[in-house]
$ cat structure01.csv   # CSV, C-alpha atoms
chain,number,residue,atom,x,y,z
A,8,MET,CA,30.6,-11.6,53.4
A,9,SER,CA,32.6,-12.0,50.1
A,10,THR,CA,33.0,-14.7,47.5
A,11,ASP,CA,34.9,-15.2,44.4
A,12,LEU,CA,32.2,-16.9,42.4
A,13,LEU,CA,28.4,-16.6,42.7
A,14,ILE,CA,26.3,-19.2,40.8
A,15,LEU,CA,22.7,-18.0,40.0
A,16,SER,CA,20.5,-21.1,39.8
A,17,THR,CA,16.9,-22.2,40.0
A,18,GLY,CA,16.1,-21.2,36.5
A,19,ALA,CA,13.6,-22.6,34.0
A,20,ASN,CA,16.1,-25.3,33.0
A,21,PRO,CA,15.4,-27.9,35.8
A,22,LEU,CA,18.7,-27.0,37.6
A,23,LEU,CA,20.7,-29.0,35.1
A,24,TYR,CA,23.4,-26.3,34.5
A,25,SER,CA,23.3,-25.3,38.2
A,26,ARG,CA,24.0,-28.8,39.4
A,27,GLN,CA,26.6,-29.5,36.8
A,28,THR,CA,28.4,-26.3,37.6
A,29,ILE,CA,28.3,-26.8,41.3
A,30,ARG,CA,29.5,-30.3,41.0
A,31,TYR,CA,32.4,-29.3,38.7
A,32,LEU,CA,33.6,-26.4,40.9
A,33,GLN,CA,33.2,-28.4,44.1
A,34,ASN,CA,35.6,-31.1,42.7
A,35,HIS,CA,37.9,-28.7,40.9
A,36,PRO,CA,41.7,-29.3,41.3
A,37,GLU,CA,42.1,-25.6,42.3
A,38,ARG,CA,39.2,-25.7,44.7
A,39,HIS,CA,41.4,-24.5,47.6
A,40,THR,CA,42.2,-21.3,45.7
A,41,PHE,CA,38.7,-19.9,45.3
A,42,SER,CA,35.3,-19.7,47.0
A,43,PHE,CA,31.8,-19.9,45.6
A,44,SER,CA,28.3,-19.4,46.7
A,45,ILE,CA,24.8,-20.0,45.2
A,46,ALA,CA,21.8,-17.8,44.9
A,47,GLY,CA,18.4,-17.9,43.3
A,48,ARG,CA,14.7,-17.0,43.5
A,49,SER,CA,13.4,-20.2,45.2
A,50,ILE,CA,14.4,-20.8,48.8
A,51,GLU,CA,13.1,-24.4,48.5
A,52,LYS,CA,15.3,-25.2,45.5
A,53,LEU,CA,18.3,-23.5,47.0
A,54,GLU,CA,17.9,-25.5,50.2
A,55,SER,CA,17.7,-28.7,48.0
A,56,LEU,CA,21.0,-27.8,46.4
A,57,VAL,CA,22.6,-27.0,49.7
A,58,ALA,CA,21.6,-30.4,51.1
A,59,GLU,CA,22.5,-32.3,47.9
A,60,PHE,CA,26.1,-30.9,47.7
A,61,SER,CA,26.6,-30.4,51.5
A,62,LEU,CA,27.1,-26.6,51.1
A,63,LEU,CA,27.2,-24.0,53.8
A,64,GLY,CA,23.7,-22.6,54.3
A,65,ASP,CA,24.5,-19.1,55.5
A,66,ALA,CA,22.6,-16.3,54.0
A,67,GLY,CA,23.8,-12.7,53.6
A,68,VAL,CA,24.8,-9.9,51.3
A,69,LEU,CA,27.7,-10.8,49.1
A,70,ILE,CA,30.7,-9.0,47.6
A,71,VAL,CA,31.2,-10.9,44.4
A,72,ASP,CA,34.0,-11.0,41.8
A,73,VAL,CA,32.3,-13.1,39.1
A,74,VAL,CA,28.6,-14.1,38.6
A,75,LEU,CA,27.9,-17.4,36.8
A,76,ASN,CA,24.4,-17.1,35.6
A,77,THR,CA,22.5,-20.2,34.7
A,78,VAL,CA,19.0,-18.7,34.9
A,79,GLY,CA,17.1,-18.7,31.7
A,80,PRO,CA,15.3,-17.6,29.6
A,81,TYR,CA,17.9,-14.8,29.9
A,82,TRP,CA,15.8,-12.1,28.2
A,83,LEU,CA,13.1,-12.7,30.8
A,84,TYR,CA,15.1,-13.0,34.0
A,85,SER,CA,18.6,-11.7,33.6
A,86,SER,CA,18.7,-8.2,32.3
A,87,PRO,CA,18.6,-6.7,35.9
A,88,VAL,CA,21.5,-9.0,36.9
A,89,VAL,CA,23.8,-8.0,34.0
A,90,ALA,CA,22.9,-4.3,34.5
A,91,ALA,CA,23.8,-4.6,38.2
A,92,CYS,CA,27.1,-6.3,37.3
A,93,THR,CA,28.1,-3.6,34.8
A,94,ARG,CA,27.2,-0.8,37.2
A,95,ASN,CA,29.4,-2.3,40.0
A,96,GLY,CA,32.3,-3.6,38.0
A,97,VAL,CA,31.4,-7.3,38.6
A,98,HIS,CA,32.2,-9.8,35.9
A,99,HIS,CA,29.4,-11.9,34.4
A,100,VAL,CA,29.4,-15.2,32.5
A,101,ASP,CA,26.4,-17.2,31.2
A,102,VAL,CA,25.3,-19.9,28.9
A,103,ASN,CA,22.7,-18.0,26.9
A,104,GLY,CA,22.1,-18.5,23.2
A,105,GLU,CA,19.9,-15.4,22.9
A,106,THR,CA,22.0,-13.1,20.8
A,107,HIS,CA,19.2,-10.5,20.5
A,108,TRP,CA,19.4,-10.0,24.3
A,109,ILE,CA,23.1,-9.3,24.7
A,110,LYS,CA,23.8,-5.7,25.7
A,111,TYR,CA,25.4,-3.3,28.2
A,112,HIS,CA,28.8,-3.0,26.5
A,113,GLU,CA,29.2,0.7,27.0
A,114,THR,CA,28.4,0.6,30.7
A,115,ALA,CA,30.8,-2.4,31.2
A,116,THR,CA,33.7,-0.6,29.6
A,117,LYS,CA,33.3,2.3,32.0
A,118,THR,CA,33.4,0.1,35.1
A,119,GLY,CA,35.8,-2.5,33.9
A,120,SER,CA,33.1,-5.2,34.1
A,121,ILE,CA,33.8,-8.2,31.8
A,122,ILE,CA,30.6,-9.6,30.4
A,123,ILE,CA,31.0,-13.0,28.5
A,124,PRO,CA,27.7,-14.2,27.1
A,125,SER,CA,27.2,-17.7,25.6
A,126,CYS,CA,30.0,-19.5,27.5
A,127,GLY,CA,28.5,-22.9,26.6
A,128,LEU,CA,28.9,-25.6,24.0
A,129,GLU,CA,27.3,-23.7,21.2
A,130,SER,CA,29.8,-20.8,21.2
A,131,VAL,CA,33.0,-21.5,23.1
A,132,SER,CA,34.2,-24.1,20.6
A,133,SER,CA,33.7,-22.1,17.5
A,134,ASP,CA,35.1,-19.0,19.1
A,135,ILE,CA,38.3,-20.7,20.3
A,136,VAL,CA,39.1,-22.3,16.9
A,137,THR,CA,38.6,-18.9,15.3
A,138,PHE,CA,40.9,-17.3,17.8
A,139,LEU,CA,43.5,-20.0,17.4
A,140,GLY,CA,43.2,-19.8,13.6
A,141,HIS,CA,44.2,-16.1,13.7
A,142,LYS,CA,47.0,-16.7,16.1
A,143,THR,CA,48.4,-19.7,14.2
A,144,THR,CA,48.0,-18.6,10.6
A,145,LEU,CA,48.7,-14.9,10.9
A,146,ARG,CA,50.7,-14.3,14.0
A,147,SER,CA,53.0,-11.9,12.2
A,148,ARG,CA,50.5,-10.4,9.8
A,149,ASP,CA,47.8,-7.8,9.9
A,150,PRO,CA,44.5,-9.3,11.2
A,151,GLN,CA,42.7,-7.7,8.2
A,152,GLN,CA,44.4,-10.3,6.0
A,153,LEU,CA,42.0,-13.0,7.3
A,154,VAL,CA,39.2,-14.2,5.0
A,155,GLY,CA,36.6,-16.9,5.2
A,156,VAL,CA,33.8,-18.3,3.1
A,157,PRO,CA,32.2,-15.1,1.5
A,158,VAL,CA,28.5,-15.7,2.4
A,159,ASP,CA,26.2,-12.7,2.6
A,160,HIS,CA,23.0,-14.6,3.1
A,161,PRO,CA,22.3,-18.0,4.5
A,162,LYS,CA,21.8,-20.8,1.9
A,163,ALA,CA,20.6,-24.3,2.2
A,164,LEU,CA,23.8,-25.8,0.6
A,165,TYR,CA,27.4,-24.8,0.7
A,166,THR,CA,30.5,-26.2,-0.9
A,167,LEU,CA,33.7,-25.6,1.1
A,168,ARG,CA,36.7,-24.7,-1.0
A,169,ILE,CA,39.3,-26.2,1.3
A,170,PRO,CA,38.7,-29.0,1.3
A,171,HIS,CA,36.1,-28.9,-1.6
A,172,THR,CA,35.2,-32.6,-1.6
A,173,LYS,CA,32.0,-32.6,0.6
A,174,GLU,CA,28.6,-31.0,0.4
A,175,LEU,CA,27.8,-29.0,3.4
A,176,SER,CA,24.6,-27.9,5.2
A,177,ALA,CA,24.4,-24.6,7.0
A,178,ARG,CA,24.5,-24.3,10.8
A,179,GLY,CA,23.9,-20.7,11.9
A,180,GLY,CA,26.9,-19.3,13.8
A,181,SER,CA,27.3,-15.5,14.2
A,182,TRP,CA,28.5,-13.3,17.0
A,183,ASN,CA,26.7,-10.3,15.5
A,184,GLU,CA,27.9,-7.1,17.2
A,185,ILE,CA,30.3,-8.9,19.5
A,186,ARG,CA,32.5,-10.8,17.1
A,187,LEU,CA,36.1,-11.0,17.9
A,188,PRO,CA,37.2,-7.3,17.7
A,189,MET,CA,40.6,-8.3,16.3
A,190,LEU,CA,38.7,-10.0,13.4
A,191,ALA,CA,35.7,-7.8,12.9
A,192,THR,CA,36.7,-6.4,9.5
A,193,ASP,CA,35.3,-6.5,6.0
A,194,HIS,CA,38.1,-9.0,5.2
A,195,PHE,CA,37.0,-11.6,7.7
A,196,LYS,CA,33.8,-13.7,7.6
A,197,TYR,CA,32.9,-16.9,9.4
A,198,GLU,CA,30.4,-19.6,8.9
A,199,GLU,CA,29.8,-23.0,10.5
A,200,PHE,CA,28.9,-26.1,8.5
A,201,HIS,CA,28.0,-29.7,9.1
A,202,PRO,CA,29.7,-32.0,6.6
A,203,THR,CA,27.4,-34.5,4.8
A,204,PRO,CA,28.2,-37.1,2.1
A,205,ASN,CA,25.8,-35.8,-0.5
A,206,ARG,CA,23.4,-32.9,-1.5
A,207,ALA,CA,20.2,-34.7,-0.4
A,208,LYS,CA,21.4,-35.2,3.2
A,209,ALA,CA,22.8,-31.7,3.2
A,210,LEU,CA,19.4,-30.2,2.2
A,211,PHE,CA,17.6,-32.4,4.8
A,212,MET,CA,20.0,-31.2,7.5
A,213,SER,CA,19.5,-27.5,6.6
A,214,LEU,CA,15.7,-28.0,6.7
A,215,PHE,CA,15.9,-29.7,10.0
A,216,VAL,CA,18.0,-26.8,11.4
A,217,VAL,CA,15.4,-24.3,10.2
A,218,PHE,CA,12.6,-26.4,11.8
A,219,SER,CA,14.3,-26.9,15.1
A,220,GLY,CA,15.2,-23.2,15.3
A,221,THR,CA,11.9,-21.7,14.4
A,222,ILE,CA,8.8,-24.0,14.4
A,223,LEU,CA,9.9,-26.4,17.2
A,224,PRO,CA,10.4,-23.7,19.9
A,225,ILE,CA,6.9,-22.4,19.1
A,226,ILE,CA,5.5,-25.9,19.7
A,227,ILE,CA,7.5,-26.5,22.8
A,228,TYR,CA,6.6,-23.2,24.5
A,229,SER,CA,3.0,-22.9,23.3
A,230,PRO,CA,0.6,-22.8,26.3
A,231,ASN,CA,-1.8,-25.0,24.4
A,232,VAL,CA,0.7,-27.8,23.9
A,233,GLN,CA,2.0,-29.7,26.9
A,234,PHE,CA,5.2,-30.7,25.1
A,235,VAL,CA,7.2,-31.8,28.2
A,236,HIS,CA,4.2,-33.8,29.6
A,237,LEU,CA,3.7,-35.5,26.2
A,238,LEU,CA,7.4,-36.3,25.9
A,239,ARG,CA,7.4,-37.9,29.3
A,240,GLN,CA,4.4,-40.0,28.3
A,241,LEU,CA,6.0,-41.2,25.1
A,242,TYR,CA,9.5,-41.7,26.7
A,243,PRO,CA,9.0,-42.5,30.4
A,244,ASP,CA,12.6,-43.7,30.8
A,245,LEU,CA,14.1,-40.6,29.1
A,246,ALA,CA,15.7,-39.2,32.3
A,247,LYS,CA,17.1,-42.6,33.2
A,248,ASP,CA,18.4,-43.2,29.7
A,249,ARG,CA,20.0,-39.7,29.8
A,250,LYS,CA,21.9,-40.6,33.0
A,251,THR,CA,23.0,-43.9,31.5
A,252,ASN,CA,24.2,-42.4,28.2
A,253,ILE,CA,25.7,-39.2,29.7
A,254,HIS,CA,29.2,-40.2,28.8
A,255,LYS,CA,28.3,-41.1,25.2
A,256,GLY,CA,28.1,-37.5,24.1
A,257,PHE,CA,30.9,-35.8,22.2
A,258,ILE,CA,31.9,-32.8,20.1
A,259,ASP,CA,34.4,-33.0,17.3
A,260,ILE,CA,35.1,-29.7,15.4
A,261,VAL,CA,37.7,-29.2,12.6
A,262,ASN,CA,38.3,-25.7,11.5
A,263,ILE,CA,40.4,-24.7,8.4
A,264,ILE,CA,41.5,-21.1,7.9
A,265,SER,CA,43.4,-19.5,5.1
A,266,SER,CA,45.2,-16.3,4.4
A,267,ASP,CA,43.7,-14.3,1.5
A,268,ASP,CA,46.8,-14.8,-0.6
A,269,GLY,CA,46.4,-18.6,-0.3
A,270,THR,CA,49.9,-19.1,1.0
A,271,ARG,CA,49.1,-20.2,4.6
A,272,HIS,CA,46.6,-22.6,6.0
A,273,ALA,CA,46.0,-23.7,9.5
A,274,LYS,CA,44.0,-26.6,11.0
A,275,MET,CA,42.3,-26.3,14.4
A,276,THR,CA,40.6,-29.2,16.2
A,277,PHE,CA,38.3,-29.0,19.2
A,278,LYS,CA,37.3,-32.4,20.7
A,279,ALA,CA,35.6,-33.4,23.9
A,280,LYS,CA,33.6,-36.4,25.2
A,281,SER,CA,30.8,-35.9,27.7
A,282,ASP,CA,27.2,-34.8,28.1
A,283,GLY,CA,26.4,-31.4,26.6
A,284,TYR,CA,25.3,-29.9,29.9
A,285,ALA,CA,28.5,-31.1,31.6
A,286,LEU,CA,30.7,-29.7,28.8
A,287,SER,CA,28.9,-26.3,29.0
A,288,ALA,CA,29.2,-26.3,32.8
A,289,THR,CA,32.9,-26.9,32.4
A,290,MET,CA,33.4,-24.1,29.8
A,291,LEU,CA,31.3,-21.7,32.0
A,292,SER,CA,33.3,-22.5,35.1
A,293,GLU,CA,36.7,-22.2,33.4
A,294,CYS,CA,35.8,-18.9,31.8
A,295,ALA,CA,34.8,-17.6,35.3
A,296,LEU,CA,38.0,-18.9,36.9
A,297,SER,CA,40.0,-17.3,34.2
A,298,LEU,CA,38.6,-13.9,35.2
A,299,LEU,CA,39.9,-14.4,38.7
A,300,HIS,CA,43.4,-14.1,37.3
A,301,PRO,CA,43.5,-10.8,35.4
A,302,GLU,CA,47.2,-11.1,34.8
A,303,THR,CA,46.5,-13.9,32.4
A,304,LEU,CA,43.9,-12.1,30.3
A,305,PRO,CA,44.6,-10.2,27.1
A,306,GLU,CA,45.1,-6.4,27.4
A,307,MET,CA,41.9,-5.6,25.7
A,308,ALA,CA,39.8,-7.6,28.2
A,309,ARG,CA,41.2,-5.7,31.1
A,310,HIS,CA,39.3,-2.6,30.0
A,311,GLY,CA,35.9,-4.5,30.3
A,312,GLY,CA,33.0,-4.7,28.0
A,313,VAL,CA,30.8,-7.4,26.3
A,314,LEU,CA,33.4,-9.8,24.9
A,315,THR,CA,33.5,-13.3,23.4
A,316,PRO,CA,35.1,-16.1,25.5
A,317,ALA,CA,38.3,-16.1,23.5
A,318,THR,CA,38.5,-12.3,23.3
A,319,ALA,CA,38.1,-12.1,27.1
A,320,CYS,CA,40.2,-15.0,28.2
A,321,GLY,CA,42.6,-15.5,25.3
A,322,GLU,CA,45.1,-18.4,25.7
A,323,ALA,CA,44.1,-18.8,29.3
A,324,ILE,CA,40.8,-20.5,28.4
A,325,VAL,CA,42.6,-22.8,25.9
A,326,LYS,CA,45.1,-23.9,28.5
A,327,ARG,CA,42.4,-24.4,31.1
A,328,LEU,CA,40.2,-26.6,28.9
A,329,ASN,CA,43.1,-28.7,27.8
A,330,ALA,CA,44.1,-29.1,31.5
A,331,THR,CA,40.7,-30.6,32.4
A,332,GLY,CA,41.5,-33.8,30.5
A,333,THR,CA,38.1,-33.7,28.9
A,334,PHE,CA,38.9,-31.4,26.1
A,335,GLU,CA,41.6,-31.6,23.4
A,336,VAL,CA,42.2,-28.3,21.6
A,337,GLU,CA,45.0,-28.1,19.0
A,338,SER,CA,46.2,-25.9,16.2
A,339,HIS,CA,49.0,-26.1,13.7
A,340,LEU,CA,50.0,-24.8,10.3
A,341,LEU,CA,49.5,-27.0,7.2
A,342,LYS,CA,51.8,-27.3,4.3
A,343,GLU,CA,51.0,-25.5,1.1
A,344,HIS,CA,50.4,-28.7,-0.8
A,345,ARG,CA,46.7,-28.9,-1.7
A,346,GLU,CA,46.4,-32.7,-1.1
A,347,GLU,CA,47.3,-32.3,2.6
A,348,ILE,CA,44.7,-29.6,3.0
A,349,ARG,CA,42.1,-31.9,1.5
A,350,LYS,CA,42.9,-34.7,3.9
A,351,THR,CA,42.4,-32.6,7.0
A,352,ILE,CA,38.6,-33.2,7.2

$ encode --input "structure01.csv" --output "structure tokens"
Amino acid sequence: MSTDLLILSTGANPLLYSRQTIRYLQNHPERHTFSFSIAGRSIEKLESLVAEFSLLGDAGVLIVDVVLNTVGPYWLYSSPVVAACTRNGVHHVDVNGETHWIKYHETATKTGSIIIPSCGLESVSSDIVTFLGHKTTLRSRDPQQLVGVPVDHPKALYTLRIPHTKELSARGGSWNEIRLPMLATDHFKYEEFHPTPNRAKALFMSLFVVFSGTILPIIIYSPNVQFVHLLRQLYPDLAKDRKTNIHKGFIDIVNIISSDDGTRHAKMTFKAKSDGYALSATMLSECALSLLHPETLPEMARHGGVLTPATACGEAIVKRLNATGTFEVESHLLKEHREEIRKTI
């Protein structure tokens, strides 16, 4: 038995990504062009998904082209899955945010397996605007001419030079060893920021990011703290409110990139309106569907390896996201006049 896509579900994250991904693929405009199946560790939960979405319930050994992995924590459950994919030349996409866990690049290049970690909301948007910035600003220049904000160590406050009218708080954003290969030079650096109206709010935002990224996870996952139970007690209607407000979520990113000689500037925008889980499921699915069409992928991706979404899928993922109607991804050159650059954010 063979299938184009295999969704791994029943992870620690109450099936949210699984359900959203299944729902999205089941109603996809290109549904007649691909097949998908589901797999997981819990028969009971799988049967629940089969019944909920009226899926075929046949079991068997599968020949798979692309694995969509929604099972987390990834460092705990998914290493054998990725290792198996790289050994057998199967592509793998996931929504993990665990950069310390990402590995298997060398094996993947030997078998042609394309591994795309972090295909969710946290990474795809920043990766795409960086990719488009290179393409738009320097399409006829050496990639090493790219520069960004020269930050060696994270700070609580930043001031962006273009435009330089707002105080900014840091938001960690780094691909570490799997940055865009075309941009991974000493001349290119990348940081993400959250614009705030003044220094006080910028400092508060930075402290909140540090708290939510370090102390809060310890509280949530501590065996002595029943965090989820406490949350449900305090907010009994949380699940109902989330369903009610699901379409109120949004993402709005503006990226400015400049050549090192200061003569060319480009503006990239990445906008979408929906719940974060739904947006991540869409990004994950469209990355996976891109891999089913190798003729649309960049030449580098066809050799396999651990790659970022934009490096692996190139313009294909941009076109696909725009085609959904949920996303609006644009890029264009700015004039050299400084006032126009200031008005872009």

$ closest_residue --input "structure01.csv" --among "A:Asn262, A:Ser292, A:Ser281, A:Asn329" --to "Ser133 (chain A)" --atoms "only C-alpha atoms"
A:Asn262

$ atom_distance --input "structure01.csv" --atom1 "CA of Asn34 (chain A)" --atom2 "CA of Ser287 (chain A)"
16.0 Å

$ atom_distance --input "structure01.csv" --atom1 "CA of Leu341 (chain A)" --atom2 "CA of Ile258 (chain A)"
22.6 Å

$ atom_distance --input "structure01.csv" --atom1 "CA of His310 (chain A)" --atom2 "CA of Pro124 (chain A)"
16.7 Å

$ residues_around --input "structure01.csv" --residues "Ile263 (chain A)" --least-positions-apart "2" --cutoff "7 Å" --atoms "only C-alpha atoms" --output "ChimeraX atom specification"
/A:261,265,272-275

$ residues_near_point --input "structure01.csv" --point "(53.0, -24.6, 8.4)" --cutoff "9 Å" --atoms "all atoms listed in the file" --output "JSON, numbers by chain"
{"A": [143, 144, 271, 272, 273, 339, 340, 341, 342, 343]}

$ residues_around --input "structure01.csv" --residues "Thr276 (chain A)" --least-positions-apart "4" --cutoff "6 Å" --atoms "only C-alpha atoms" --output "mmCIF file with C-alpha atoms, in the frame of the given file"
data_model
loop_
_atom_site.group_PDB
_atom_site.id
_atom_site.type_symbol
_atom_site.label_atom_id
_atom_site.label_comp_id
_atom_site.auth_asym_id
_atom_site.auth_seq_id
_atom_site.Cartn_x
_atom_site.Cartn_y
_atom_site.Cartn_z
ATOM 1 C CA ILE A 260 35.100 -29.700 15.400
ATOM 2 C CA VAL A 261 37.700 -29.200 12.600
ATOM 3 C CA VAL A 336 42.200 -28.300 21.600
ATOM 4 C CA GLU A 337 45.000 -28.100 19.000
#

$ closest_residue --input "structure01.csv" --among "A:Ile222, A:Val216, A:Val71, A:Val136" --to "Asp259 (chain A)" --atoms "all atoms listed in the file"
A:Val136

$ closest_residue --input "structure01.csv" --among "A:Thr106, A:Ser213, A:Asn95, A:Ser9" --to "Phe41 (chain A)" --atoms "all atoms listed in the file"
A:Ser9

$ residues_around --input "structure01.csv" --residues "Arg26 (chain A)" --least-positions-apart "4" --cutoff "12 Å" --atoms "only C-alpha atoms" --output "ChimeraX atom specification"
/A:14-18,20-22,30-33,45,52-53,55-57,59-60,77,284-285,287-289
